[in-house]
Amino acid sequence: MTQRAPELRDMIRTLIATPSVSSADPGLDQGNRGVINHLAEWLDDLHFRIEILPLPENPDKANLIATLGEGPGGLVFSGHTDTVPYDLEGWKTDPFQLIETDNRLYGLGTSDMKSFLALAIEAARHHRASDLQEPLILLATADEETSMAGAEELTRAGIPRARYALIGEPTGLRPVRMHKGIFMEAIHLKGHSGHSSDPSLGNSALEGMVRVLNALVAWRQELQASNTDPMFAVPVPTLNLGHIHGGDNPNRICADCELQVDLRQLPGMSIGELRAELHHRVSRALEGSGLAVRFRALFPGIPAMETAADSPIVQTVEKLTGHAAGAVAFGTEGPYLNQLGMQTVILGPGNIEQAHQPDEYLAVDRIPPCLELLGQLIGKFCVKSEG
């Protein structure tokens with residue numbers, strides 16, 4: 001039996017109470033089907049056409065595409081259904097219980113970003129398919145916080161199709177049209193151990209890593225000298241040398257050493273080309289060393305995103321919010337929706353400062369203006385034809 005779409009607070013409460021943690025740690029990772037099923041039942045009650053698309057490699061996780069209306073074009077409201085893990089001892093309240101106090105809604109996913117899914121349903125509640133000249137699509141995705149597997153599966157399938165999209169990530173209701181991309185790589189050097197009293201007995205992977213570090217720092221300087229975008233608070237690509245480990249004892253020549261890095265690229269910079277150049281720089285630095293190198297992708301990467309400043313949806317949200325569309329350093333599913341042919345903006349009621357934190361919350365006073373904004377976007381891009 002279809003479950004009637006409850007009132008807004010009850011929708012948020014139900015979504016928060018339904019665990020959907022995604023994590024690279026298999027012991028913490030969970031499916032999202034509970035959240036998907038709630039959304040599907042509520043949207044079915046509102047006469048949306050429902051498609052639940054399990055991920056081929058993990059049927060416990062799924063995307064949801066719910067469509068109201070027919071025809072080409074249209075507008076997507078998109079949000080991910082998963083949350084990050086949580087440190088229970090850091091929370092003053094139960095992270096899976098919605099608590100309202102001091103004009104804030106506390107709970108895991110209130111800001112990032114289950115509440116947005118409920119707000120999108122609330123904004124759509126009073127519309128009927130017959131009202132719409134172009135379709136309204138609600139998209140709920142899996143695994144955004146870890147692998148982007150949900151968004152990647154959508155791009156492989158080539159769905160959904162629409163002209164415009166808004167992703168409700170936490171931006172404080174300020175529009176975003178650009179963000180950096182990211183990938184992470186491990187560089188492992190294999191040498192030969194030996195007694196530390198005689199360096200000729202071994203080949204130090206740790207000393208070889210000094211060459212690698214110097215080469216990467218020099219490459220970073222080149223990248224930053226030739227790539228800049230003042231839209232970003234940090235206007236250059238960054239290459240972080242984040243973790244290094246090698247050797248096992250001070251009196252043994254180090255046989256193994258691994259460096260882990262992350263690179264955050266600007267729009268227009270290719271992950272594939274950057275990863276290939278990283279491999280080339282490291283291999284060249286080790287020429288003649290006798291050390292073996294192995295590369296491992298820790299995270300395949302999220303492309304950078306850029307939606308044109310003159311896009312109708314960018315200009316519309318700028319007018320409605322009174323804020324120019326900006327740029328952020330964190331990644332989203334935006335580039336995947338852009339690859340599907342949509343013009344995408346990032347805009348949601350939460351704040352990134354509350355995301356991934358104990359006592360995550362959504363300010364109650366963000367709810368009315370968010371609903372008003374979503375309603376106006378439905379009116380412009382779905383109810384009324386453009387032109």
# chains A, B, ... in the order shown; residues from 1 in each chain; ligands from 1
call {"tool": "residues_around", "arguments": {"residues": "Ala62 in chain A", "least_positions_apart": "3", "cutoff": "6 Å", "atoms": "only C-alpha atoms", "output": "PyMOL selection string"}}
result
chain A and resi 53-55+142
call {"tool": "write_last_selection", "arguments": {"atoms": "N, CA and C atoms", "output": "PDB file, in the first residue's frame"}}
result
ATOM      1  N   LEU A  53      16.295   2.173  -9.237  1.00  0.00           N
ATOM      2  CA  LEU A  53      17.368   1.585 -10.039  1.00  0.00           C
ATOM      3  C   LEU A  53      18.489   1.103  -9.125  1.00  0.00           C
ATOM      4  N   PRO A  54      18.499  -0.185  -8.739  1.00  0.00           N
ATOM      5  CA  PRO A  54      19.578  -0.710  -7.888  1.00  0.00           C
ATOM      6  C   PRO A  54      20.936  -0.595  -8.584  1.00  0.00           C
ATOM      7  N   LEU A  55      21.972  -0.384  -7.803  1.00  0.00           N
ATOM      8  CA  LEU A  55      23.315  -0.352  -8.371  1.00  0.00           C
ATOM      9  C   LEU A  55      23.735  -1.784  -8.714  1.00  0.00           C
ATOM     10  N   ALA A 142      22.599   7.331  -4.608  1.00  0.00           N
ATOM     11  CA  ALA A 142      23.313   6.498  -3.642  1.00  0.00           C
ATOM     12  C   ALA A 142      24.803   6.818  -3.649  1.00  0.00           C
TER      13      ALA A 142
END
call {"tool": "residues_around", "arguments": {"residues": "range 148-162 of chain A", "least_positions_apart": "3", "cutoff": "7 Å", "atoms": "only C-alpha atoms", "output": "list of chain:residue names"}}
result
A:Leu55, A:Asn63, A:Pro72, A:Gly73, A:Gly74, A:Leu75, A:Val76, A:Thr141, A:Ala142, A:Asp143, A:Glu144, A:Glu145, A:Glu333, A:Tyr336, A:Leu340, A:Met342
call {"tool": "write_last_selection", "arguments": {"atoms": "N, CA and C atoms", "output": "PDB file, in the first residue's frame"}}
result
ATOM      1  N   LEU A  55      21.972  -0.384  -7.803  1.00  0.00           N
ATOM      2  CA  LEU A  55      23.315  -0.352  -8.371  1.00  0.00           C
ATOM      3  C   LEU A  55      23.735  -1.784  -8.714  1.00  0.00           C
ATOM      4  N   ASN A  63      19.397   4.191  -6.861  1.00  0.00           N
ATOM      5  CA  ASN A  63      18.962   5.540  -7.213  1.00  0.00           C
ATOM      6  C   ASN A  63      17.451   5.537  -7.406  1.00  0.00           C
ATOM      7  N   PRO A  72       9.989  16.919 -23.239  1.00  0.00           N
ATOM      8  CA  PRO A  72      11.418  17.226 -23.151  1.00  0.00           C
ATOM      9  C   PRO A  72      11.661  18.362 -22.163  1.00  0.00           C
ATOM     10  N   GLY A  73      12.916  18.623 -21.921  1.00  0.00           N
ATOM     11  CA  GLY A  73      13.254  19.728 -21.025  1.00  0.00           C
ATOM     12  C   GLY A  73      12.963  19.364 -19.591  1.00  0.00           C
ATOM     13  N   GLY A  74      12.533  20.367 -18.837  1.00  0.00           N
ATOM     14  CA  GLY A  74      12.169  20.121 -17.460  1.00  0.00           C
ATOM     15  C   GLY A  74      13.286  20.421 -16.485  1.00  0.00           C
ATOM     16  N   LEU A  75      12.991  20.150 -15.204  1.00  0.00           N
ATOM     17  CA  LEU A  75      13.835  20.546 -14.080  1.00  0.00           C
ATOM     18  C   LEU A  75      14.010  19.365 -13.142  1.00  0.00           C
ATOM     19  N   VAL A  76      15.246  19.145 -12.703  1.00  0.00           N
ATOM     20  CA  VAL A  76      15.577  18.109 -11.726  1.00  0.00           C
ATOM     21  C   VAL A  76      15.913  18.768 -10.394  1.00  0.00           C
ATOM     22  N   THR A 141      20.038   9.892  -5.013  1.00  0.00           N
ATOM     23  CA  THR A 141      21.168   9.069  -5.428  1.00  0.00           C
ATOM     24  C   THR A 141      21.810   8.334  -4.258  1.00  0.00           C
ATOM     25  N   ALA A 142      22.599   7.331  -4.608  1.00  0.00           N
ATOM     26  CA  ALA A 142      23.313   6.498  -3.642  1.00  0.00           C
ATOM     27  C   ALA A 142      24.803   6.818  -3.649  1.00  0.00           C
ATOM     28  N   ASP A 143      25.409   6.690  -2.487  1.00  0.00           N
ATOM     29  CA  ASP A 143      26.873   6.594  -2.342  1.00  0.00           C
ATOM     30  C   ASP A 143      27.638   7.855  -2.738  1.00  0.00           C
ATOM     31  N   GLU A 144      27.020   9.020  -2.631  1.00  0.00           N
ATOM     32  CA  GLU A 144      27.742  10.255  -2.966  1.00  0.00           C
ATOM     33  C   GLU A 144      28.917  10.485  -2.024  1.00  0.00           C
ATOM     34  N   GLU A 145      28.761  10.104  -0.763  1.00  0.00           N
ATOM     35  CA  GLU A 145      29.788  10.424   0.232  1.00  0.00           C
ATOM     36  C   GLU A 145      31.051   9.581   0.101  1.00  0.00           C
ATOM     37  N   GLU A 333      27.742  16.016  -7.101  1.00  0.00           N
ATOM     38  CA  GLU A 333      27.342  15.247  -8.271  1.00  0.00           C
ATOM     39  C   GLU A 333      27.059  16.142  -9.481  1.00  0.00           C
ATOM     40  N   TYR A 336      28.414  15.257 -13.032  1.00  0.00           N
ATOM     41  CA  TYR A 336      27.759  14.105 -13.651  1.00  0.00           C
ATOM     42  C   TYR A 336      26.441  14.520 -14.293  1.00  0.00           C
ATOM     43  N   LEU A 340      25.210  14.707 -18.377  1.00  0.00           N
ATOM     44  CA  LEU A 340      23.943  14.215 -18.926  1.00  0.00           C
ATOM     45  C   LEU A 340      23.201  15.276 -19.724  1.00  0.00           C
ATOM     46  N   MET A 342      22.460  18.500 -18.589  1.00  0.00           N
ATOM     47  CA  MET A 342      21.733  19.486 -17.797  1.00  0.00           C
ATOM     48  C   MET A 342      22.630  20.662 -17.457  1.00  0.00           C
TER      49      MET A 342
END
call {"tool": "residues_around", "arguments": {"residues": "Gln343 in chain A", "least_positions_apart": "2", "cutoff": "7 Å", "atoms": "only C-alpha atoms", "output": "PyMOL selection string"}}
result
chain A and resi 163-165+307+311+338+341
call {"tool": "closest_residue", "arguments": {"among": "A:Gly90, A:Gly208, A:Gly301, A:Pro170", "to": "Arg284 in chain A", "atoms": "only C-alpha atoms"}}
result
A:Gly208
call {"tool": "closest_residue", "arguments": {"among": "A:Pro230, A:Gly334, A:Pro95, A:Pro175", "to": "Tyr361 in chain A", "atoms": "only C-alpha atoms"}}
result
A:Pro95
call {"tool": "atom_distance", "arguments": {"atom1": "CA of Leu39 in chain A", "atom2": "CA of Ala304 in chain A"}}
result
29.2 Å
call {"tool": "select_by_dssp", "arguments": {"residues": "range 145-361 of chain A", "states": "helix (DSSP H, G or I)", "output": "VMD selection string"}}
result
chain A and resid 149 to 157 199 to 201 205 to 226 271 to 285 312 to 321 334 to 339
call {"tool": "write_last_selection", "arguments": {"atoms": "C-alpha atoms", "output": "CSV table (one decimal), in the first residue's frame"}}
result
chain,number,residue,atom,x,y,z
A,149,ALA,CA,28.7,5.1,-7.7
A,150,GLY,CA,25.1,6.3,-7.9
A,151,ALA,CA,25.9,9.3,-10.1
A,152,GLU,CA,28.3,7.3,-12.2
A,153,GLU,CA,25.6,4.7,-12.9
A,154,LEU,CA,23.2,7.4,-14.0
A,155,THR,CA,25.8,8.7,-16.5
A,156,ARG,CA,26.3,5.2,-17.8
A,157,ALA,CA,22.6,4.7,-18.3
A,199,PRO,CA,74.3,1.5,2.8
A,200,SER,CA,75.6,-0.6,0.0
A,201,LEU,CA,73.7,-3.6,1.4
A,205,ALA,CA,62.9,3.4,-0.7
A,206,LEU,CA,62.6,6.2,1.9
A,207,GLU,CA,65.5,8.1,0.4
A,208,GLY,CA,64.0,7.5,-3.1
A,209,MET,CA,60.8,9.1,-1.9
A,210,VAL,CA,62.8,12.3,-1.3
A,211,ARG,CA,63.3,12.5,-5.0
A,212,VAL,CA,59.5,12.0,-5.5
A,213,LEU,CA,58.6,14.6,-3.0
A,214,ASN,CA,60.9,17.2,-4.6
A,215,ALA,CA,59.5,16.4,-8.0
A,216,LEU,CA,55.9,16.8,-6.8
A,217,VAL,CA,56.6,20.1,-5.1
A,218,ALA,CA,58.2,21.4,-8.3
A,219,TRP,CA,55.2,20.2,-10.3
A,220,ARG,CA,52.8,21.8,-7.9
A,221,GLN,CA,54.6,25.1,-8.4
A,222,GLU,CA,54.3,24.8,-12.2
A,223,LEU,CA,50.6,23.9,-12.0
A,224,GLN,CA,49.8,26.8,-9.8
A,225,ALA,CA,51.8,29.2,-11.9
A,226,SER,CA,49.9,28.3,-15.1
A,271,ILE,CA,41.8,14.1,-14.1
A,272,GLY,CA,43.1,11.6,-16.6
A,273,GLU,CA,45.8,13.9,-17.9
A,274,LEU,CA,46.8,15.0,-14.4
A,275,ARG,CA,47.1,11.4,-13.2
A,276,ALA,CA,49.1,10.5,-16.2
A,277,GLU,CA,51.4,13.5,-15.7
A,278,LEU,CA,51.8,12.6,-12.0
A,279,HIS,CA,52.9,9.1,-13.0
A,280,HIS,CA,55.3,10.5,-15.5
A,281,ARG,CA,56.9,13.0,-13.1
A,282,VAL,CA,57.4,10.3,-10.4
A,283,SER,CA,58.9,7.8,-12.8
A,284,ARG,CA,61.2,10.4,-14.3
A,285,ALA,CA,62.4,11.4,-10.8
A,312,PRO,CA,19.1,30.6,-17.5
A,313,ILE,CA,19.1,28.6,-14.3
A,314,VAL,CA,22.2,30.4,-13.0
A,315,GLN,CA,20.7,33.8,-13.8
A,316,THR,CA,17.3,32.8,-12.3
A,317,VAL,CA,18.7,31.7,-9.0
A,318,GLU,CA,21.0,34.8,-8.8
A,319,LYS,CA,17.9,37.0,-9.3
A,320,LEU,CA,15.8,35.0,-6.8
A,321,THR,CA,18.5,34.9,-4.0
A,334,GLY,CA,27.0,18.4,-10.4
A,335,PRO,CA,29.6,17.4,-13.1
A,336,TYR,CA,27.8,14.1,-13.7
A,337,LEU,CA,24.4,15.9,-14.2
A,338,ASN,CA,26.2,18.3,-16.5
A,339,GLN,CA,27.6,15.3,-18.5
call {"tool": "select_by_dssp", "arguments": {"residues": "range 211-380 of chain A", "states": "strand (DSSP E or B)", "output": "ChimeraX atom specification"}}
result
/A:238-246,252,256-264,292-302,305-306,326-328,343-346,361-363
call {"tool": "closest_residue", "arguments": {"among": "A:Met184, A:Val328, A:Leu259, A:Ile121", "to": "Ala233 in chain A", "atoms": "only C-alpha atoms"}}
result
A:Val328
call {"tool": "closest_residue", "arguments": {"among": "A:Arg9, A:His127, A:Arg366, A:Lys114", "to": "Gly379 in chain A", "atoms": "only C-alpha atoms"}}
result
A:His127
call {"tool": "closest_residue", "arguments": {"among": "A:Asp248, A:Ser130, A:Leu373, A:Gly290", "to": "Gly322 in chain A", "atoms": "only C-alpha atoms"}}
result
A:Leu373
call {"tool": "atom_distance", "arguments": {"atom1": "CA of Asn227 in chain A", "atom2": "CA of Gly181 in chain A"}}
result
13.8 Å
call {"tool": "closest_residue", "arguments": {"among": "A:Asn203, A:Ile253, A:Leu347, A:Arg104", "to": "His323 in chain A", "atoms": "only C-alpha atoms"}}
result
A:Leu347
call {"tool": "residues_around", "arguments": {"residues": "Ala327 in chain A", "least_positions_apart": "4", "cutoff": "6 Å", "atoms": "only C-alpha atoms", "output": "number ranges by chain"}}
result
A: 176, 178-179, 231-232
call {"tool": "residues_around", "arguments": {"residues": "Asp25 in chain A", "least_positions_apart": "4", "cutoff": "12 Å", "atoms": "only C-alpha atoms", "output": "CSV table (one decimal) with C-alpha atoms, in the first residue's frame"}}
result
chain,number,residue,atom,x,y,z
A,21,VAL,CA,25.7,5.6,6.2
A,29,ASP,CA,28.9,0.9,5.2
A,30,GLN,CA,25.1,0.6,4.9
A,84,VAL,CA,28.9,10.1,6.4
A,85,PRO,CA,29.6,7.9,9.5
A,146,THR,CA,32.2,7.7,-0.8
A,147,SER,CA,32.4,6.4,-4.4
call {"tool": "atom_distance", "arguments": {"atom1": "CA of Thr171 in chain A", "atom2": "CA of Asp359 in chain A"}}
result
17.9 Å
call {"tool": "residues_around", "arguments": {"residues": "Leu291 in chain A", "least_positions_apart": "2", "cutoff": "9 Å", "atoms": "only C-alpha atoms", "output": "MDAnalysis selection string"}}
result
chainID A and resid 189:192 203:205 208 286:289 293
call {"tool": "residues_around", "arguments": {"residues": "Ala124 in chain A", "least_positions_apart": "4", "cutoff": "8 Å", "atoms": "only C-alpha atoms", "output": "list in words"}}
result
Ala120, Gly375 and Ile378 of chain A
call {"tool": "decode", "arguments": {"residues": "range 208-254 of chain A", "atoms": "N, CA and C atoms", "output": "compact mmCIF listing (two decimals), in the first residue's frame"}}
result
# COMPACT_ATOMS: atom_id res chain seq x y z
N GLY A 208 64.57 7.30 -1.76
CA GLY A 208 64.01 7.51 -3.08
C GLY A 208 62.77 8.39 -3.05
N MET A 209 62.02 8.29 -1.96
CA MET A 209 60.83 9.12 -1.85
C MET A 209 61.17 10.60 -1.73
N VAL A 210 62.37 10.91 -1.27
CA VAL A 210 62.80 12.31 -1.26
C VAL A 210 62.80 12.87 -2.68
N ARG A 211 63.29 12.08 -3.64
CA ARG A 211 63.25 12.51 -5.05
C ARG A 211 61.81 12.76 -5.49
N VAL A 212 60.93 11.85 -5.10
CA VAL A 212 59.52 11.98 -5.49
C VAL A 212 58.91 13.24 -4.90
N LEU A 213 59.15 13.47 -3.61
CA LEU A 213 58.60 14.65 -2.96
C LEU A 213 59.08 15.92 -3.63
N ASN A 214 60.37 16.00 -3.92
CA ASN A 214 60.91 17.19 -4.58
C ASN A 214 60.28 17.39 -5.96
N ALA A 215 60.08 16.28 -6.70
CA ALA A 215 59.49 16.39 -8.03
C ALA A 215 58.04 16.86 -7.95
N LEU A 216 57.30 16.38 -6.97
CA LEU A 216 55.89 16.77 -6.84
C LEU A 216 55.75 18.22 -6.40
N VAL A 217 56.60 18.66 -5.50
CA VAL A 217 56.55 20.06 -5.09
C VAL A 217 56.86 20.98 -6.27
N ALA A 218 57.85 20.59 -7.08
CA ALA A 218 58.18 21.40 -8.26
C ALA A 218 57.02 21.41 -9.25
N TRP A 219 56.37 20.25 -9.43
CA TRP A 219 55.22 20.18 -10.34
C TRP A 219 54.07 21.02 -9.83
N ARG A 220 53.85 20.99 -8.52
CA ARG A 220 52.79 21.82 -7.94
C ARG A 220 53.03 23.29 -8.24
N GLN A 221 54.25 23.73 -8.12
CA GLN A 221 54.56 25.14 -8.41
C GLN A 221 54.26 25.46 -9.87
N GLU A 222 54.57 24.55 -10.77
CA GLU A 222 54.27 24.77 -12.19
C GLU A 222 52.76 24.83 -12.43
N LEU A 223 52.03 23.88 -11.82
CA LEU A 223 50.57 23.87 -11.99
C LEU A 223 49.94 25.18 -11.50
N GLN A 224 50.41 25.65 -10.37
CA GLN A 224 49.81 26.85 -9.79
C GLN A 224 50.23 28.12 -10.52
N ALA A 225 51.38 28.07 -11.15
CA ALA A 225 51.82 29.23 -11.92
C ALA A 225 51.04 29.37 -13.23
N SER A 226 50.55 28.25 -13.76
CA SER A 226 49.91 28.29 -15.08
C SER A 226 48.40 28.08 -15.04
N ASN A 227 47.83 27.85 -13.85
CA ASN A 227 46.38 27.63 -13.72
C ASN A 227 45.86 28.43 -12.53
N THR A 228 44.97 29.37 -12.81
CA THR A 228 44.40 30.17 -11.73
C THR A 228 42.98 30.59 -12.10
N ASP A 229 42.15 30.71 -11.09
CA ASP A 229 40.77 31.15 -11.30
C ASP A 229 40.35 31.95 -10.07
N PRO A 230 40.20 33.26 -10.21
CA PRO A 230 39.89 34.11 -9.05
C PRO A 230 38.50 33.87 -8.48
N MET A 231 37.65 33.06 -9.14
CA MET A 231 36.34 32.74 -8.57
C MET A 231 36.48 31.94 -7.28
N PHE A 232 37.58 31.23 -7.12
CA PHE A 232 37.76 30.37 -5.97
C PHE A 232 38.53 31.08 -4.86
N ALA A 233 38.16 30.76 -3.60
CA ALA A 233 38.88 31.33 -2.46
C ALA A 233 40.35 30.94 -2.50
N VAL A 234 40.64 29.68 -2.85
CA VAL A 234 42.00 29.24 -3.16
C VAL A 234 42.05 29.15 -4.67
N PRO A 235 42.62 30.14 -5.36
CA PRO A 235 42.41 30.28 -6.81
C PRO A 235 43.25 29.37 -7.68
N VAL A 236 43.98 28.45 -7.09
CA VAL A 236 44.89 27.59 -7.84
C VAL A 236 44.60 26.13 -7.51
N PRO A 237 45.02 25.20 -8.37
CA PRO A 237 44.92 23.78 -8.00
C PRO A 237 45.83 23.50 -6.82
N THR A 238 45.43 22.56 -5.99
CA THR A 238 46.24 22.19 -4.83
C THR A 238 46.68 20.74 -4.94
N LEU A 239 47.88 20.47 -4.49
CA LEU A 239 48.43 19.12 -4.42
C LEU A 239 48.91 18.91 -3.00
N ASN A 240 48.17 18.10 -2.24
CA ASN A 240 48.49 17.89 -0.83
C ASN A 240 49.26 16.59 -0.65
N LEU A 241 50.41 16.68 -0.01
CA LEU A 241 51.21 15.51 0.34
C LEU A 241 50.73 15.06 1.72
N GLY A 242 49.75 14.16 1.74
CA GLY A 242 48.96 13.98 2.94
C GLY A 242 49.42 12.90 3.90
N HIS A 243 50.04 11.82 3.39
CA HIS A 243 50.39 10.71 4.28
C HIS A 243 51.61 10.00 3.72
N ILE A 244 52.57 9.67 4.62
CA ILE A 244 53.75 8.93 4.19
C ILE A 244 54.11 7.92 5.27
N HIS A 245 54.51 6.74 4.82
CA HIS A 245 54.93 5.71 5.76
C HIS A 245 55.99 4.86 5.09
N GLY A 246 57.06 4.57 5.83
CA GLY A 246 58.10 3.72 5.28
C GLY A 246 58.97 3.12 6.36
N GLY A 247 59.51 1.94 6.08
CA GLY A 247 60.45 1.30 6.98
C GLY A 247 59.81 0.70 8.21
N ASP A 248 60.65 -0.02 8.98
CA ASP A 248 60.13 -0.66 10.18
C ASP A 248 61.06 -0.58 11.37
N ASN A 249 62.30 -0.11 11.13
CA ASN A 249 63.25 -0.02 12.25
C ASN A 249 64.38 0.91 11.87
N PRO A 250 64.90 1.68 12.82
CA PRO A 250 65.95 2.64 12.44
C PRO A 250 67.26 2.00 12.02
N ASN A 251 67.50 0.73 12.37
CA ASN A 251 68.76 0.10 11.97
C ASN A 251 68.61 -0.81 10.75
N ARG A 252 67.51 -0.64 10.01
CA ARG A 252 67.32 -1.36 8.75
C ARG A 252 67.13 -0.37 7.62
N ILE A 253 67.78 -0.60 6.51
CA ILE A 253 67.54 0.21 5.31
C ILE A 253 66.09 -0.02 4.87
N CYS A 254 65.41 1.05 4.58
CA CYS A 254 63.97 1.00 4.29
C CYS A 254 63.72 0.36 2.94
